[in-house]
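Trainee: Following this line is data-v9.cif, made up of mmCIF, C-alpha atoms and all ligand atoms:
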data_input
loop_
_atom_site.label_atom_id
_atom_site.label_comp_id
_atom_site.auth_asym_id
_atom_site.auth_seq_id
_atom_site.Cartn_x
_atom_site.Cartn_y
_atom_site.Cartn_z
CA MET A 12 8.07 20.19 -63.51
CA GLN A 13 5.06 20.63 -65.77
CA ALA A 14 2.95 18.47 -63.45
CA LEU A 15 3.87 20.68 -60.48
CA GLN A 16 3.00 23.80 -62.45
CA GLN A 17 -0.34 22.27 -63.46
CA ALA A 18 -0.97 21.48 -59.79
CA GLY A 19 -0.75 25.21 -59.09
CA LEU A 20 2.87 25.80 -58.09
CA GLU A 21 4.72 28.81 -59.45
CA ILE A 22 8.16 27.63 -60.47
CA TYR A 23 10.93 29.54 -62.21
CA SER A 24 14.25 28.41 -63.55
CA VAL A 25 17.54 29.70 -62.19
CA ARG A 26 20.27 29.70 -64.82
CA GLY A 27 22.84 26.99 -64.12
CA LYS A 28 21.08 25.86 -60.94
CA GLY A 29 17.74 24.33 -61.88
CA TYR A 30 14.32 25.33 -60.63
CA ARG A 31 13.04 27.26 -57.64
CA LEU A 32 9.60 27.76 -56.07
CA ALA A 33 8.35 31.36 -56.31
CA HIS A 34 6.76 30.96 -52.85
CA PRO A 35 8.50 28.21 -50.83
CA PHE A 36 6.20 26.47 -48.34
CA GLU A 37 6.45 23.97 -45.51
CA MET A 38 4.81 20.61 -46.26
CA LEU A 39 2.07 19.49 -43.86
CA ASP A 40 3.11 16.75 -41.47
CA ALA A 41 0.84 14.78 -39.12
CA GLU A 42 3.47 14.29 -36.39
CA THR A 43 4.40 17.98 -36.27
CA ILE A 44 0.72 18.95 -36.10
CA LEU A 45 -0.02 16.44 -33.33
CA ALA A 46 2.99 17.63 -31.31
CA ALA A 47 1.65 21.20 -31.40
CA VAL A 48 -2.08 20.56 -30.88
CA GLY A 49 -1.92 20.55 -27.06
CA GLU A 50 -2.37 17.64 -24.67
CA GLU A 51 -6.09 17.99 -23.99
CA ALA A 52 -7.10 18.33 -27.64
CA ARG A 53 -4.69 15.55 -28.63
CA GLY A 54 -6.37 13.29 -26.07
CA LYS A 55 -9.76 13.95 -27.70
CA LEU A 56 -8.59 13.68 -31.32
CA HIS A 57 -9.28 10.16 -32.53
CA ARG A 58 -7.44 10.31 -35.85
CA LEU A 59 -5.58 12.78 -38.10
CA GLU A 60 -5.08 12.08 -41.81
CA VAL A 61 -2.80 14.27 -43.91
CA HIS A 62 -3.16 13.83 -47.68
CA HIS A 63 -1.07 15.24 -50.45
CA GLU A 64 -4.09 15.33 -52.72
CA ILE A 65 -7.76 14.43 -52.31
CA GLU A 66 -11.12 15.15 -54.00
CA SER A 67 -12.41 17.02 -50.96
CA THR A 68 -11.57 16.62 -47.27
CA ASN A 69 -15.27 17.13 -46.45
CA ALA A 70 -16.42 14.50 -48.96
CA HIS A 71 -13.85 12.03 -47.59
CA LEU A 72 -15.02 12.42 -43.98
CA LEU A 73 -18.70 12.30 -45.02
CA THR A 74 -18.07 8.89 -46.57
CA ILE A 75 -16.47 7.74 -43.31
CA ALA A 76 -19.39 9.19 -41.32
CA LYS A 77 -21.91 7.22 -43.39
CA GLN A 78 -20.04 3.96 -42.76
CA SER A 79 -19.20 4.29 -39.06
CA ASP A 80 -19.76 6.11 -35.76
CA ALA A 81 -16.33 7.78 -35.99
CA SER A 82 -15.88 11.10 -34.20
CA ALA A 83 -13.02 13.57 -33.68
CA HIS A 84 -11.52 12.45 -36.98
CA ALA A 85 -9.56 15.14 -38.86
CA CYS A 86 -8.42 15.29 -42.45
CA ILE A 87 -6.08 17.87 -43.99
CA ALA A 88 -4.89 18.06 -47.59
CA GLU A 89 -2.24 19.97 -49.50
CA ARG A 90 -4.57 20.16 -52.49
CA GLN A 91 -8.20 19.35 -53.32
CA ARG A 92 -9.30 18.34 -56.80
CA ALA A 93 -12.95 19.17 -56.10
CA GLY A 94 -13.03 21.46 -53.06
CA ARG A 95 -16.59 22.29 -52.04
CA GLY A 96 -17.84 25.72 -51.05
CA ARG A 97 -21.19 26.85 -49.66
CA ARG A 98 -24.26 26.86 -51.91
CA GLY A 99 -22.81 24.27 -54.27
CA ARG A 100 -19.92 26.50 -55.26
CA GLN A 101 -16.39 25.28 -55.87
CA TRP A 102 -13.61 26.06 -53.35
CA VAL A 103 -10.49 26.71 -55.40
CA SER A 104 -7.84 24.53 -53.69
CA PRO A 105 -4.43 24.67 -55.38
CA LEU A 106 -1.22 23.17 -54.07
CA GLY A 107 1.10 25.79 -52.72
CA GLY A 108 0.38 26.62 -49.17
CA ASN A 109 -3.30 27.17 -48.25
CA LEU A 110 -5.09 25.06 -45.64
CA TYR A 111 -7.95 22.66 -46.41
CA LEU A 112 -9.03 21.09 -43.15
CA SER A 113 -12.06 19.05 -42.07
CA LEU A 114 -13.10 17.61 -38.75
CA LEU A 115 -15.77 14.94 -38.33
CA TRP A 116 -17.71 15.17 -35.05
CA ARG A 117 -20.55 12.99 -33.79
CA PHE A 118 -23.31 14.65 -31.79
CA GLN A 119 -25.53 12.47 -29.64
CA ASN A 120 -28.55 14.80 -29.57
CA GLY A 121 -29.46 14.93 -33.25
CA ALA A 122 -29.49 17.67 -35.87
CA GLY A 123 -32.13 19.67 -33.98
CA SER A 124 -29.53 20.60 -31.36
CA LEU A 125 -27.09 22.03 -33.90
CA GLY A 126 -28.59 25.50 -34.48
CA GLY A 127 -25.76 27.99 -34.31
CA LEU A 128 -22.99 25.39 -34.67
CA SER A 129 -21.59 27.10 -37.76
CA LEU A 130 -21.25 30.36 -35.78
CA ALA A 131 -19.47 28.58 -32.92
CA VAL A 132 -17.07 27.06 -35.46
CA ALA A 133 -16.32 30.55 -36.81
CA VAL A 134 -15.50 31.67 -33.25
CA ALA A 135 -13.05 28.74 -32.94
CA VAL A 136 -11.31 29.82 -36.16
CA MET A 137 -11.15 33.44 -34.97
CA ARG A 138 -9.60 32.34 -31.66
CA ALA A 139 -6.87 30.46 -33.57
CA LEU A 140 -6.22 33.39 -35.91
CA ARG A 141 -5.94 35.83 -33.02
CA GLU A 142 -3.54 33.51 -31.25
CA ILE A 143 -1.18 33.59 -34.22
CA GLY A 144 -1.33 37.40 -34.17
CA LEU A 145 -4.16 38.37 -36.54
CA GLN A 146 -6.31 40.99 -34.77
CA SER A 147 -8.00 42.56 -37.80
CA ALA A 148 -10.28 39.70 -38.93
CA GLY A 149 -14.05 39.86 -38.50
CA LEU A 150 -17.09 37.63 -39.00
CA LYS A 151 -19.77 37.98 -41.64
CA TRP A 152 -22.89 35.98 -40.87
CA PRO A 153 -23.15 33.08 -40.88
CA ASN A 154 -19.47 32.14 -40.91
CA ASP A 155 -17.25 33.98 -43.39
CA ILE A 156 -13.96 35.26 -42.02
CA LEU A 157 -13.05 38.60 -43.57
CA VAL A 158 -10.24 41.11 -43.40
CA ASP A 159 -11.17 44.57 -44.74
CA GLY A 160 -14.17 43.12 -46.58
CA ARG A 161 -12.09 40.42 -48.30
CA LYS A 162 -12.58 36.73 -47.62
CA LEU A 163 -9.75 35.09 -45.69
CA ALA A 164 -11.50 31.82 -44.80
CA GLY A 165 -14.73 29.97 -45.46
CA ILE A 166 -16.52 27.30 -43.44
CA LEU A 167 -18.78 24.55 -44.77
CA LEU A 168 -20.75 22.28 -42.44
CA GLU A 169 -22.14 19.06 -43.92
CA LEU A 170 -24.43 16.67 -42.07
CA ALA A 171 -24.72 12.88 -42.15
CA GLY A 172 -27.50 11.21 -40.18
CA GLU A 173 -31.05 11.63 -39.06
CA ALA A 174 -32.82 14.71 -37.73
CA ALA A 175 -33.49 12.79 -34.50
CA GLY A 176 -30.91 10.60 -32.78
CA PRO A 177 -27.13 10.80 -33.10
CA CYS A 178 -25.78 12.56 -36.17
CA SER A 179 -22.38 13.36 -37.60
CA VAL A 180 -21.22 16.74 -38.81
CA VAL A 181 -18.25 17.42 -41.02
CA VAL A 182 -16.80 20.85 -40.30
CA GLY A 183 -14.75 22.04 -43.28
CA LEU A 184 -12.44 25.04 -43.28
CA GLY A 185 -10.64 26.60 -46.21
CA LEU A 186 -8.07 29.19 -45.16
CA ASN A 187 -6.06 31.24 -47.65
CA VAL A 188 -2.50 31.20 -46.33
CA HIS A 189 -0.18 31.90 -49.28
CA GLY A 190 -2.72 32.79 -51.91
CA GLN A 191 -0.53 33.95 -54.74
CA SER A 192 -1.04 31.48 -57.59
CA ALA A 193 -2.54 31.37 -61.05
CA GLU A 194 -5.42 29.20 -59.82
CA MET A 195 -6.31 31.60 -56.98
CA ALA A 196 -6.51 34.40 -59.57
CA THR A 197 -9.66 32.64 -60.88
CA VAL A 198 -11.57 33.18 -57.59
CA ASP A 199 -14.49 35.45 -58.44
CA GLN A 200 -14.95 37.28 -55.13
CA PRO A 201 -12.66 39.62 -53.19
CA TRP A 202 -10.25 37.52 -51.13
CA THR A 203 -7.05 37.90 -49.18
CA ASP A 204 -4.50 35.60 -47.58
CA LEU A 205 -2.85 35.34 -44.17
CA THR A 206 0.69 36.04 -45.36
CA SER A 207 -0.39 39.30 -47.00
CA VAL A 208 -2.39 40.55 -44.03
CA LEU A 209 0.25 39.63 -41.44
CA GLY A 210 3.19 40.72 -43.59
CA HIS A 211 5.03 37.47 -42.83
CA SER A 212 4.43 33.77 -43.26
CA VAL A 213 3.13 31.46 -40.52
CA PRO A 214 4.18 27.78 -40.37
CA ARG A 215 1.15 25.89 -41.65
CA ASN A 216 1.70 22.95 -39.28
CA VAL A 217 1.46 25.30 -36.30
CA LEU A 218 -1.57 26.95 -37.85
CA ALA A 219 -3.29 23.61 -38.46
CA ALA A 220 -2.55 22.59 -34.85
CA GLN A 221 -4.00 25.84 -33.44
CA LEU A 222 -7.11 25.45 -35.58
CA LEU A 223 -7.62 21.83 -34.51
CA HIS A 224 -7.01 22.77 -30.87
CA HIS A 225 -9.71 25.45 -30.89
CA LEU A 226 -12.14 23.47 -33.06
CA ILE A 227 -11.95 20.45 -30.75
CA ASN A 228 -12.46 22.63 -27.65
CA VAL A 229 -15.36 24.54 -29.17
CA LEU A 230 -17.13 21.43 -30.51
CA SER A 231 -16.78 19.72 -27.12
CA GLU A 232 -18.22 22.76 -25.33
CA PHE A 233 -20.99 23.24 -27.91
CA GLU A 234 -22.17 19.66 -27.26
CA THR A 235 -23.10 20.50 -23.68
CA GLN A 236 -23.66 24.29 -23.71
CA GLY A 237 -24.85 25.14 -27.24
CA LEU A 238 -24.08 28.54 -28.75
CA THR A 239 -24.46 30.61 -25.54
CA PRO A 240 -20.77 30.62 -24.43
CA PHE A 241 -19.72 31.93 -27.85
CA LEU A 242 -22.25 34.74 -28.37
CA GLY A 243 -20.08 37.43 -26.72
CA GLU A 244 -17.12 36.77 -29.01
CA TRP A 245 -19.41 36.51 -32.02
CA ALA A 246 -20.88 39.96 -31.26
CA ALA A 247 -17.42 41.50 -30.74
CA TRP A 248 -16.24 40.25 -34.12
CA ASP A 249 -19.49 40.77 -36.09
CA VAL A 250 -18.69 43.08 -39.03
CA LEU A 251 -22.32 43.40 -40.19
CA ALA A 252 -23.84 44.81 -36.98
CA GLY A 253 -25.20 48.31 -37.50
CA ASN A 254 -24.80 48.15 -41.30
CA GLU A 255 -27.48 48.23 -44.00
CA VAL A 256 -27.50 44.79 -45.57
CA THR A 257 -29.35 42.89 -48.27
CA LEU A 258 -30.25 39.28 -47.55
CA TYR A 259 -30.83 37.08 -50.60
CA LEU A 260 -33.39 34.33 -50.03
CA PRO A 261 -34.85 31.80 -52.49
CA ALA A 262 -38.10 33.82 -52.41
CA GLY A 263 -36.44 37.19 -53.08
CA GLU A 264 -34.41 39.73 -51.19
CA VAL A 265 -34.92 41.67 -47.96
CA ARG A 266 -33.12 44.77 -46.73
CA GLY A 267 -32.54 45.98 -43.24
CA VAL A 268 -30.02 47.02 -40.63
CA ALA A 269 -28.10 44.07 -39.15
CA ARG A 270 -28.62 43.78 -35.38
CA GLY A 271 -26.45 40.79 -34.52
CA VAL A 272 -27.70 37.24 -33.98
CA ASP A 273 -30.19 35.58 -31.62
CA GLU A 274 -29.43 32.75 -29.17
CA ASN A 275 -29.75 30.18 -32.00
CA GLY A 276 -27.49 32.03 -34.40
CA ALA A 277 -30.27 33.47 -36.59
CA LEU A 278 -29.48 36.82 -38.22
CA LEU A 279 -31.46 39.74 -36.79
CA LEU A 280 -32.50 42.39 -39.30
CA ALA A 281 -34.36 45.59 -38.41
CA ASN A 282 -36.73 47.08 -40.94
CA ASP A 283 -40.11 48.85 -40.77
CA GLY A 284 -39.55 49.29 -37.03
CA LYS A 285 -39.51 45.53 -36.44
CA LEU A 286 -36.82 42.95 -35.78
CA HIS A 287 -36.88 39.91 -38.07
CA ARG A 288 -34.97 36.62 -37.70
CA TYR A 289 -33.42 34.72 -40.59
CA HIS A 290 -31.91 31.25 -40.39
CA SER A 291 -30.48 31.11 -43.91
CA GLY A 292 -29.67 33.30 -46.88
CA GLU A 293 -26.74 35.09 -48.41
CA VAL A 294 -25.82 38.54 -47.11
CA SER A 295 -24.36 41.33 -49.14
CA ALA A 296 -23.31 44.61 -47.52
CA ARG A 297 -21.00 47.54 -47.85
CA ILE A 298 -19.39 47.30 -44.45
CA ALA A 299 -18.47 50.47 -42.58
CA PRO A 300 -15.00 50.19 -40.96
CA ARG A 301 -15.14 49.37 -37.26
CA SER A 302 -12.80 47.94 -34.67
CA THR A 303 -12.94 44.16 -34.44
CA GLY A 304 -10.47 43.97 -31.62
CA GLY A 305 -12.45 44.27 -28.41
CA CYS A 306 -12.90 40.75 -27.14
CA GLN A 307 -10.93 38.89 -24.50
C1 LIG B 1 -17.34 28.69 -48.32
O1 LIG B 1 -17.86 28.59 -49.44
O2 LIG B 1 -17.17 29.78 -47.78
C2 LIG B 1 -16.93 27.44 -47.57
C3 LIG B 1 -15.65 26.88 -48.09
C4 LIG B 1 -15.18 25.64 -47.36
C5 LIG B 1 -13.96 25.03 -48.00
C6 LIG B 1 -13.39 23.92 -47.20
S1 LIG B 1 -11.77 23.44 -47.73
C7 LIG B 1 -11.81 22.07 -46.67
C8 LIG B 1 -13.20 21.49 -46.75
N1 LIG B 1 -13.31 20.57 -47.85
C9 LIG B 1 -14.10 21.01 -48.81
O3 LIG B 1 -14.35 20.43 -49.87
N2 LIG B 1 -14.62 22.20 -48.46
C10 LIG B 1 -14.17 22.61 -47.16
#
Output the file's structure in the form of structure tokens.
Mentor:
Amino acid sequence: MQALQQAGLEIYSVRGKGYRLAHPFEMLDAETILAAVGEEARGKLHRLEVHHEIESTNAHLLTIAKQSDASAHACIAERQRAGRGRRGRQWVSPLGGNLYLSLLWRFQNGAGSLGGLSLAVAVAVMRALREIGLQSAGLKWPNDILVDGRKLAGILLELAGEAAGPCSVVVGLGLNVHGQSAEMATVDQPWTDLTSVLGHSVPRNVLAAQLLHHLINVLSEFETQGLTPFLGEWAAWDVLAGNEVTLYLPAGEVRGVARGVDENGALLLANDGKLHRYHSGEVSARIAPRSTGGCQ
């Protein structure tokens, strides 16, 4: 019982009956996920691993990428001991009902062709979230998924391979599903979880299947078309557009009004009457409320 509590589960005792989970959750199951992923995506998915516990789903697939030419290889875990976030941060990954999902994909055209991939991945995640009934999420450049300014999901892309020639990308997604746990209380930025924003729980196996379905479709399309087919949805869900933002760069900070993204996914900032493009950096903004619903 103690081990389960240390792993992040909230457990209470019921007099005369034993113990009960404060927030019961459905365990992840490869067969159930595969049955719900859809025929086309299932045909493209080479392998799906479901782990009870792992260091990091991204780190695991990166090791595989360095040793082989594997592609369309997915890994999901109930818990990560060393979940990785962007900019070297930790991704708090307790047991108890969130999703930690990675997908390894091999691109034939080299890293140079991958500009904007992280934005396309965010569009895939938004499509899956909207399909399960979440209309209020928006995108914060480059790929944070927010609801009312609070982080619902984060995406981390990690690359294995050369700048020229085929390369492998591990797409990692952390999605807060049932966030209520002692470990999640240690997260030091505003966050929310799917159950709270929807007002009901969503079966995680169905959720994982929807996410894989859309990720596989988007990665396949990105290989041939690049970011272009996804720019319309990105713009419709962009929560920064029109807002004053501060962009933190290694060399200092710049301020401006966010004006969407260019065809390669670079952030466009207007200041001093000019439009500037930025390919990296960390944005902070007080976001004015706007509708994020208008995209088909
Ligand atoms: C972020 O900092 O916003 C990105 C977080 C990405 C977390 C996910 S959880 C699954 C995958 N494995 C990891 O170690 N990290 C990513």
Trainee: Find the residues near ligand LIG 1 (chain B). Use a cut-off of 10 Å, count all atoms listed in the file, and write them as a PyMOL selection string.
Mentor: chain A and resi 65-72+86-88+90-104+109-114+153-156+162-169+181-187
Trainee: Do a neighbour search on A:Ser82 at 8 Å with all atoms listed in the file, toss out local chain neighbours closer than 3 positions, and write the hits as a PyMOL selection string.
Mentor: chain A and resi 57+115-117+179
Trainee: Which stretch 213-243 of chain A residues have any atom within 10 Å of an atom of stretch 33-54 of chain A, and for each, what is the nearest pair of atoms with distance in Å to one decimal, counting only C-alpha atoms, rows sorted by chain and number, as JSON lines?
Mentor:
{"residue": "A:Val213", "atom": "CA", "partner": "A:Glu37", "partner_atom": "CA", "distance": 9.6}
{"residue": "A:Pro214", "atom": "CA", "partner": "A:Glu37", "partner_atom": "CA", "distance": 6.8}
{"residue": "A:Arg215", "atom": "CA", "partner": "A:Glu37", "partner_atom": "CA", "distance": 6.8}
{"residue": "A:Asn216", "atom": "CA", "partner": "A:Ile44", "partner_atom": "CA", "distance": 5.2}
{"residue": "A:Val217", "atom": "CA", "partner": "A:Ala47", "partner_atom": "CA", "distance": 6.4}
{"residue": "A:Leu218", "atom": "CA", "partner": "A:Ile44", "partner_atom": "CA", "distance": 8.5}
{"residue": "A:Ala219", "atom": "CA", "partner": "A:Ile44", "partner_atom": "CA", "distance": 6.6}
{"residue": "A:Ala220", "atom": "CA", "partner": "A:Val48", "partner_atom": "CA", "distance": 4.5}
{"residue": "A:Gln221", "atom": "CA", "partner": "A:Val48", "partner_atom": "CA", "distance": 6.2}
{"residue": "A:Leu222", "atom": "CA", "partner": "A:Val48", "partner_atom": "CA", "distance": 8.4}
{"residue": "A:Leu223", "atom": "CA", "partner": "A:Val48", "partner_atom": "CA", "distance": 6.7}
{"residue": "A:His224", "atom": "CA", "partner": "A:Val48", "partner_atom": "CA", "distance": 5.4}
{"residue": "A:His225", "atom": "CA", "partner": "A:Ala52", "partner_atom": "CA", "distance": 8.3}
{"residue": "A:Leu226", "atom": "CA", "partner": "A:Ala52", "partner_atom": "CA", "distance": 9.0}
{"residue": "A:Ile227", "atom": "CA", "partner": "A:Ala52", "partner_atom": "CA", "distance": 6.1}
{"residue": "A:Asn228", "atom": "CA", "partner": "A:Ala52", "partner_atom": "CA", "distance": 6.9}
{"residue": "A:Ser231", "atom": "CA", "partner": "A:Ala52", "partner_atom": "CA", "distance": 9.8}
Trainee: Please provide as a list in words all residues within 6 Å of stretch 242-258 of chain A, with the sequence filter that same-chain residues fewer than 2 positions apart are discarded (counting all atoms listed in the file).
Mentor: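 With the cut-off at 6 Å, the set is Gly149, Leu150, Lys151, Thr239, Pro240, Glu264, Val265, Arg266, Gly267, Val268, Ala269, Arg270, Gly271, Glu293, Val294, Ser295, Ala296, Thr303 and Cys306 of chain A.
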Trainee: Near A:Ala277, counting only C-alpha atoms, which residues have an atom at most 9 Å away, once you skip same-chain residues fewer than 3 positions from it, shown as number ranges by chain?
Mentor: A: 126-127, 152-153, 271-274, 288-291
Trainee: Could you take the residues named above and write them with C-alpha atoms, as a PDB file, keeping the file's coordinate frame?
Mentor:
ATOM      1  CA  GLY A 126     -28.590  25.500 -34.480  1.00  0.00           C
ATOM      2  CA  GLY A 127     -25.760  27.990 -34.310  1.00  0.00           C
ATOM      3  CA  TRP A 152     -22.890  35.980 -40.870  1.00  0.00           C
ATOM      4  CA  PRO A 153     -23.150  33.080 -40.880  1.00  0.00           C
ATOM      5  CA  GLY A 271     -26.450  40.790 -34.520  1.00  0.00           C
ATOM      6  CA  VAL A 272     -27.700  37.240 -33.980  1.00  0.00           C
ATOM      7  CA  ASP A 273     -30.190  35.580 -31.620  1.00  0.00           C
ATOM      8  CA  GLU A 274     -29.430  32.750 -29.170  1.00  0.00           C
ATOM      9  CA  ARG A 288     -34.970  36.620 -37.700  1.00  0.00           C
ATOM     10  CA  TYR A 289     -33.420  34.720 -40.590  1.00  0.00           C
ATOM     11  CA  HIS A 290     -31.910  31.250 -40.390  1.00  0.00           C
ATOM     12  CA  SER A 291     -30.480  31.110 -43.910  1.00  0.00           C
TER      13      SER A 291
END
Trainee: List every protein, DNA or RNA residue with an atom no more than 10 Å from (-2.3, 32.5, -57.8) in the file's coordinates, counting all atoms listed in the file, and format the result as a list in words.
Mentor: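 Looking at atoms near the point gives Gly19, Leu20, Glu21, Pro105, Gly107, His189, Gly190, Gln191, Ser192, Ala193, Glu194, Met195, Ala196, Thr197 and Val198 of chain A.
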Trainee: One decimal, Å: what's the distance from atom CA of A:Ala76 over to atom CA of A:Glu64, could you say?
Mentor: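 Separation between atom CA of A:Ala76 and atom CA of A:Glu64: 20.0 Å.
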Trainee: I'd like to know which of A:Ser212, A:Leu128, A:Pro261, A:Thr235 is closest to A:Ile143, using all atoms listed in the file.
Mentor: A:Ser212
Trainee: Take atom CA of A:Val229 and atom CA of A:Val132 and report the distance between them in Å, one decimal.
Mentor: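 Between atom CA of A:Val229 and atom CA of A:Val132 the gap is 7.0 Å.
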Trainee: State, in Å with one decimal place, the distance from atom CA of A:Leu56 to atom CA of A:His84.
Mentor: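 Separating atom CA of A:Leu56 from atom CA of A:His84 is a distance of 6.5 Å.
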Trainee: Could you please fill out stretch 261-269 of chain A with all heavy atoms and send it back as a PDB file, keeping the file's coordinate frame?
Mentor:
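rebuild29.pdb, written as the output of this step:
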ATOM      1  N   PRO A 261     -34.284  32.408 -51.271  1.00  0.00           N
ATOM      2  CA  PRO A 261     -34.850  31.800 -52.490  1.00  0.00           C
ATOM      3  C   PRO A 261     -36.089  32.570 -52.973  1.00  0.00           C
ATOM      4  O   PRO A 261     -36.337  32.697 -54.175  1.00  0.00           O
ATOM      5  CB  PRO A 261     -35.229  30.391 -52.047  1.00  0.00           C
ATOM      6  CG  PRO A 261     -34.370  30.122 -50.852  1.00  0.00           C
ATOM      7  CD  PRO A 261     -34.104  31.440 -50.188  1.00  0.00           C
ATOM      8  N   ALA A 262     -36.845  33.141 -52.032  1.00  0.00           N
ATOM      9  CA  ALA A 262     -38.100  33.820 -52.410  1.00  0.00           C
ATOM     10  C   ALA A 262     -37.886  35.280 -52.798  1.00  0.00           C
ATOM     11  O   ALA A 262     -38.845  35.972 -53.134  1.00  0.00           O
ATOM     12  CB  ALA A 262     -39.067  33.739 -51.236  1.00  0.00           C
ATOM     13  N   GLY A 263     -36.680  35.776 -52.757  1.00  0.00           N
ATOM     14  CA  GLY A 263     -36.440  37.190 -53.080  1.00  0.00           C
ATOM     15  C   GLY A 263     -35.442  37.781 -52.104  1.00  0.00           C
ATOM     16  O   GLY A 263     -34.763  37.063 -51.383  1.00  0.00           O
ATOM     17  N   GLU A 264     -35.386  39.125 -52.080  1.00  0.00           N
ATOM     18  CA  GLU A 264     -34.410  39.730 -51.190  1.00  0.00           C
ATOM     19  C   GLU A 264     -35.075  40.626 -50.156  1.00  0.00           C
ATOM     20  O   GLU A 264     -36.159  41.155 -50.399  1.00  0.00           O
ATOM     21  CB  GLU A 264     -33.365  40.513 -51.995  1.00  0.00           C
ATOM     22  CG  GLU A 264     -33.959  41.556 -52.916  1.00  0.00           C
ATOM     23  CD  GLU A 264     -32.886  42.232 -53.758  1.00  0.00           C
ATOM     24  OE1 GLU A 264     -32.335  41.554 -54.654  1.00  0.00           O
ATOM     25  OE2 GLU A 264     -32.613  43.417 -53.516  1.00  0.00           O
ATOM     26  N   VAL A 265     -34.427  40.751 -48.992  1.00  0.00           N
ATOM     27  CA  VAL A 265     -34.920  41.670 -47.960  1.00  0.00           C
ATOM     28  C   VAL A 265     -33.773  42.582 -47.547  1.00  0.00           C
ATOM     29  O   VAL A 265     -32.613  42.168 -47.553  1.00  0.00           O
ATOM     30  CB  VAL A 265     -35.463  40.953 -46.710  1.00  0.00           C
ATOM     31  CG1 VAL A 265     -36.829  40.391 -46.920  1.00  0.00           C
ATOM     32  CG2 VAL A 265     -34.511  39.873 -46.216  1.00  0.00           C
ATOM     33  N   ARG A 266     -34.144  43.828 -47.199  1.00  0.00           N
ATOM     34  CA  ARG A 266     -33.120  44.770 -46.730  1.00  0.00           C
ATOM     35  C   ARG A 266     -33.385  45.133 -45.300  1.00  0.00           C
ATOM     36  O   ARG A 266     -34.528  45.092 -44.839  1.00  0.00           O
ATOM     37  CB  ARG A 266     -33.194  46.053 -47.570  1.00  0.00           C
ATOM     38  CG  ARG A 266     -32.792  45.786 -48.967  1.00  0.00           C
ATOM     39  CD  ARG A 266     -32.144  46.972 -49.621  1.00  0.00           C
ATOM     40  NE  ARG A 266     -31.769  46.480 -50.945  1.00  0.00           N
ATOM     41  CZ  ARG A 266     -31.997  47.107 -52.058  1.00  0.00           C
ATOM     42  NH1 ARG A 266     -32.541  48.285 -52.046  1.00  0.00           N
ATOM     43  NH2 ARG A 266     -31.647  46.590 -53.211  1.00  0.00           N
ATOM     44  N   GLY A 267     -32.357  45.536 -44.609  1.00  0.00           N
ATOM     45  CA  GLY A 267     -32.540  45.980 -43.240  1.00  0.00           C
ATOM     46  C   GLY A 267     -31.195  46.325 -42.627  1.00  0.00           C
ATOM     47  O   GLY A 267     -30.153  46.230 -43.279  1.00  0.00           O
ATOM     48  N   VAL A 268     -31.264  46.728 -41.345  1.00  0.00           N
ATOM     49  CA  VAL A 268     -30.020  47.020 -40.630  1.00  0.00           C
ATOM     50  C   VAL A 268     -29.711  45.797 -39.760  1.00  0.00           C
ATOM     51  O   VAL A 268     -30.561  45.324 -39.002  1.00  0.00           O
ATOM     52  CB  VAL A 268     -30.175  48.284 -39.752  1.00  0.00           C
ATOM     53  CG1 VAL A 268     -28.913  48.520 -38.921  1.00  0.00           C
ATOM     54  CG2 VAL A 268     -30.465  49.499 -40.638  1.00  0.00           C
ATOM     55  N   ALA A 269     -28.478  45.274 -39.912  1.00  0.00           N
ATOM     56  CA  ALA A 269     -28.100  44.070 -39.150  1.00  0.00           C
ATOM     57  C   ALA A 269     -27.996  44.405 -37.674  1.00  0.00           C
ATOM     58  O   ALA A 269     -27.386  45.409 -37.293  1.00  0.00           O
ATOM     59  CB  ALA A 269     -26.777  43.527 -39.683  1.00  0.00           C
TER      60      ALA A 269
END
